[in-house]
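One file, data10.txt, carrying compact mmCIF, C-alpha atoms:
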```txt
# COMPACT_ATOMS: atom_id res chain seq x y z
CA MET A 57 -5.84 -38.41 -58.84
CA ASN A 58 -4.30 -36.42 -55.95
CA ALA A 59 -6.82 -33.91 -54.56
CA THR A 60 -5.23 -31.01 -52.72
CA LYS A 61 -7.11 -29.21 -50.02
CA PRO A 62 -7.12 -25.40 -49.79
CA TRP A 63 -4.63 -23.97 -47.28
CA TYR A 64 -7.27 -23.01 -44.74
CA ARG A 65 -8.36 -26.63 -44.47
CA GLU A 66 -4.87 -27.74 -43.48
CA ARG A 67 -3.89 -28.00 -39.84
CA TRP A 68 -0.30 -26.60 -39.93
CA PRO A 69 -0.99 -23.03 -41.10
CA TRP A 70 -3.40 -22.58 -38.18
CA ILE A 71 -0.94 -24.05 -35.70
CA LEU A 72 1.82 -21.76 -36.99
CA MET A 73 -0.43 -18.67 -36.86
CA SER A 74 -1.72 -19.38 -33.36
CA GLY A 75 1.59 -18.41 -31.67
CA PRO A 76 1.74 -14.85 -33.04
CA ALA A 77 -2.02 -14.45 -32.53
CA ILE A 78 -1.69 -15.37 -28.84
CA VAL A 79 1.18 -12.87 -28.44
CA VAL A 80 -0.92 -10.08 -30.00
CA VAL A 81 -3.86 -10.82 -27.67
CA ALA A 82 -1.53 -10.93 -24.63
CA GLY A 83 -0.02 -7.59 -25.68
CA VAL A 84 -3.45 -5.97 -25.92
CA ILE A 85 -4.42 -7.31 -22.48
CA THR A 86 -1.14 -6.13 -20.96
CA THR A 87 -1.61 -2.65 -22.46
CA TRP A 88 -5.13 -2.47 -21.08
CA ILE A 89 -3.94 -3.48 -17.59
CA ALA A 90 -1.13 -0.89 -17.72
CA PHE A 91 -3.52 1.95 -18.54
CA ALA A 92 -6.41 0.81 -16.33
CA THR A 93 -4.41 0.57 -13.08
CA SER A 94 -2.18 3.16 -11.49
CA ASP A 95 1.30 2.47 -10.21
CA GLY A 96 1.22 3.48 -6.56
CA LEU A 97 4.96 3.03 -6.19
CA VAL A 98 6.00 5.94 -8.40
CA ALA A 99 5.99 9.39 -6.83
CA ASP A 100 5.79 12.52 -8.95
CA ASP A 101 7.78 14.54 -6.45
CA TYR A 102 10.44 11.97 -5.65
CA PHE A 103 13.17 14.60 -5.25
CA LYS A 104 11.23 16.58 -2.65
CA ARG A 105 10.36 13.38 -0.81
CA GLY A 106 14.02 12.44 -0.77
CA LEU A 107 14.89 15.77 0.83
CA GLY A 108 12.17 15.28 3.44
CA ILE A 109 13.54 11.95 4.66
CA ASN A 110 15.93 13.64 7.09
CA ALA A 111 13.05 15.53 8.73
CA VAL A 112 11.12 12.28 9.16
CA LEU A 113 14.13 10.51 10.67
CA LYS A 114 14.58 13.38 13.15
CA ARG A 115 10.99 12.89 14.34
CA GLU A 116 11.62 9.18 14.94
CA GLN A 117 14.84 9.99 16.79
CA ALA A 118 12.95 12.55 18.90
CA ALA A 119 10.56 9.81 20.07
CA VAL A 120 13.49 7.62 21.10
CA GLN A 121 15.25 10.48 22.91
CA ARG A 122 12.09 11.36 24.84
CA GLY A 123 11.51 7.72 25.80
CA ILE A 124 8.19 7.52 23.96
CA ALA A 125 7.03 4.06 22.94
CA ALA A 126 3.77 2.83 21.43
CA HIS A 127 2.03 -0.49 20.97
CA VAL A 128 -0.67 -0.65 18.26
CA GLU A 129 -3.26 -3.42 18.35
CA ARG A 130 -6.56 -4.14 16.67
CA SER A 131 -9.57 -6.04 17.94
CA ASP A 132 -13.32 -6.10 17.37
CA GLY A 133 -13.31 -3.42 14.66
CA GLN A 134 -11.24 -1.00 16.73
CA VAL A 135 -7.64 0.10 16.72
CA ARG A 136 -6.00 0.85 20.03
CA VAL A 137 -2.69 2.51 20.86
CA LEU A 138 -1.01 2.13 24.21
CA LEU A 139 1.45 4.97 24.66
CA ARG A 140 4.29 5.27 27.16
CA GLY A 141 6.34 8.37 27.87
CA THR A 142 3.83 11.12 27.07
CA GLU A 143 0.08 11.77 27.27
CA PRO A 144 -1.21 14.12 24.54
CA PRO A 145 -5.01 14.63 24.43
CA VAL A 146 -5.23 13.03 20.96
CA LEU A 147 -3.00 10.99 18.65
CA PHE A 148 -2.91 10.54 14.91
CA LEU A 149 -2.47 7.11 13.41
CA ASN A 150 -1.58 6.67 9.76
CA LEU A 151 -2.16 3.17 8.43
CA VAL A 152 0.08 2.93 5.40
CA HIS A 153 -0.30 0.15 2.83
CA ALA A 154 3.04 -1.25 1.68
CA THR A 155 2.40 -0.92 -2.06
CA ARG A 156 -0.77 1.13 -2.68
CA ALA A 157 -0.81 4.72 -1.44
CA GLY A 158 -4.50 5.00 -2.35
CA TYR A 159 -5.38 2.62 0.50
CA ASP A 160 -3.65 4.70 3.20
CA VAL A 161 -5.84 5.83 6.11
CA ARG A 162 -5.33 8.64 8.65
CA LEU A 163 -7.19 8.25 11.94
CA ARG A 164 -7.62 10.52 14.94
CA LEU A 165 -7.52 8.65 18.24
CA GLU A 166 -9.13 10.08 21.36
CA ARG A 167 -7.83 9.32 24.82
CA ALA A 168 -9.81 6.55 26.54
CA PRO A 169 -10.54 6.43 30.30
CA ASP A 170 -8.07 3.56 30.77
CA GLY A 171 -5.19 5.69 29.46
CA GLY A 172 -4.98 4.26 25.94
CA TYR A 173 -6.13 5.79 22.69
CA ALA A 174 -8.82 4.16 20.55
CA THR A 175 -11.08 4.65 17.53
CA ALA A 176 -13.12 2.59 15.09
CA LEU A 177 -11.13 0.80 12.41
CA PRO A 178 -12.42 1.22 8.85
CA PRO A 179 -12.43 -1.75 6.46
CA MET A 180 -8.93 -2.40 5.18
CA ALA A 181 -7.62 -4.13 2.07
CA ALA A 182 -5.50 -7.22 2.37
CA GLY A 183 -1.76 -6.76 2.41
CA HIS A 184 1.12 -5.57 4.55
CA TRP A 185 0.43 -2.41 6.59
CA ARG A 186 2.60 -0.06 8.65
CA ALA A 187 1.28 1.96 11.58
CA VAL A 188 2.69 5.46 12.02
CA VAL A 189 1.77 7.06 15.35
CA ASP A 190 2.45 10.77 15.71
CA ASP A 191 1.51 13.58 18.04
CA PRO A 192 -0.72 16.51 17.04
CA MET A 193 2.21 18.94 17.07
CA GLY A 194 4.29 16.82 14.67
CA GLU A 195 7.30 16.70 16.99
CA TRP A 196 7.74 12.90 17.14
CA ARG A 197 6.53 9.74 15.47
CA ILE A 198 6.73 5.98 15.92
CA VAL A 199 6.58 3.46 13.06
CA GLN A 200 5.79 -0.23 13.44
CA ASP A 201 4.23 -3.11 11.52
CA PHE A 202 0.47 -3.42 11.65
CA LEU A 203 -0.83 -6.86 10.80
```

Would you write out, as structure tokens, the structure that this file holds?
Amino acid sequence: MNATKPWYRERWPWILMSGPAIVVVAGVITTWIAFATSDGLVADDYFKRGLGINAVLKREQAAVQRGIAAHVERSDGQVRVLLRGTEPPVLFLNLVHATRAGYDVRLRLERAPDGGYATALPPMAAGHWRAVVDDPMGEWRIVQDFL
């Protein structure tokens, strides 16, 4: 006598159903990740930002025309800017994360007795950073990598 087992006791139906089940679980996880994290690369006002690019480029060109150069360095929990070509009483330093705008930091640097500008450096997330040095009047700016 040939005894047949019920379908749920066979191996092949479970193997065949596991593929679609894994895809459904992966889709739910992907949906959760999409809604739980924000996309820092998308700007709501992309058109206005596009129009403002020329103004930003003019500020960088103004620094070159005035012979202003900056060197940004970090050490011992401090960030230091050595500036050549001008001596404003304070500087502003924007530390811009390459992919996450929420991590960006704006610092005010006071003039140190040795002629540089320095302030305490807050904790920073891992990743690629850009340093944007600008004057308090917003007339010029210098952009460089900050590692």

Just want the 8 Å neighbourhood of stretch 148-165 of chain A, counted on only C-alpha atoms, with same-chain residues fewer than 6 positions away dropped. Output as a PDB file with C-alpha atoms, in the frame of the given file.
```
ATOM      1  CA  ASP A  95       1.300   2.470 -10.210  1.00  0.00           C
ATOM      2  CA  GLY A  96       1.220   3.480  -6.560  1.00  0.00           C
ATOM      3  CA  LEU A  97       4.960   3.030  -6.190  1.00  0.00           C
ATOM      4  CA  TYR A 173      -6.130   5.790  22.690  1.00  0.00           C
ATOM      5  CA  ALA A 174      -8.820   4.160  20.550  1.00  0.00           C
ATOM      6  CA  THR A 175     -11.080   4.650  17.530  1.00  0.00           C
ATOM      7  CA  MET A 180      -8.930  -2.400   5.180  1.00  0.00           C
ATOM      8  CA  ALA A 181      -7.620  -4.130   2.070  1.00  0.00           C
ATOM      9  CA  GLY A 183      -1.760  -6.760   2.410  1.00  0.00           C
ATOM     10  CA  HIS A 184       1.120  -5.570   4.550  1.00  0.00           C
ATOM     11  CA  TRP A 185       0.430  -2.410   6.590  1.00  0.00           C
ATOM     12  CA  ARG A 186       2.600  -0.060   8.650  1.00  0.00           C
ATOM     13  CA  ALA A 187       1.280   1.960  11.580  1.00  0.00           C
ATOM     14  CA  VAL A 188       2.690   5.460  12.020  1.00  0.00           C
ATOM     15  CA  VAL A 189       1.770   7.060  15.350  1.00  0.00           C
ATOM     16  CA  ASP A 190       2.450  10.770  15.710  1.00  0.00           C
ATOM     17  CA  ASP A 191       1.510  13.580  18.040  1.00  0.00           C
ATOM     18  CA  PRO A 192      -0.720  16.510  17.040  1.00  0.00           C
ATOM     19  CA  PHE A 202       0.470  -3.420  11.650  1.00  0.00           C
TER      20      PHE A 202
END
```

Pairwise distance for atom CA of A:Leu177 and atom CA of A:Val199, rounded to one decimal in Å: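 The value is 17.9 Å.
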
Among the residues A:Ala59, A:Pro169, A:Val112, A:Pro178, the one that comes closest to A:Val135 [using only C-alpha atoms]: A:Pro178

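Between atom CA of A:His127 and atom CA of A:Leu139 the interatomic distance comes to 6.6 Å.
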
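Minimum atom-to-atom distances from A:Leu138, A:Val128, A:Ile198, A:Val79 to A:Leu113 were compared using all atoms listed in the file, and the lowest value belongs to A:Ile198.
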
One-decimal distance in Å that lies between atom CA of A:Ala176 and atom CA of A:Gly194: 22.5 Å

All residues 12 Å or closer to A:Gly171, only C-alpha atoms, same chain fewer than 4 positions away omitted, as a ChimeraX atom specification: /A:136-146,165-167

Minimum-distance residue to A:Lys114, chosen among A:Trp196, A:Val81, A:Asp201, A:Trp70 (using all atoms listed in the file): A:Trp196
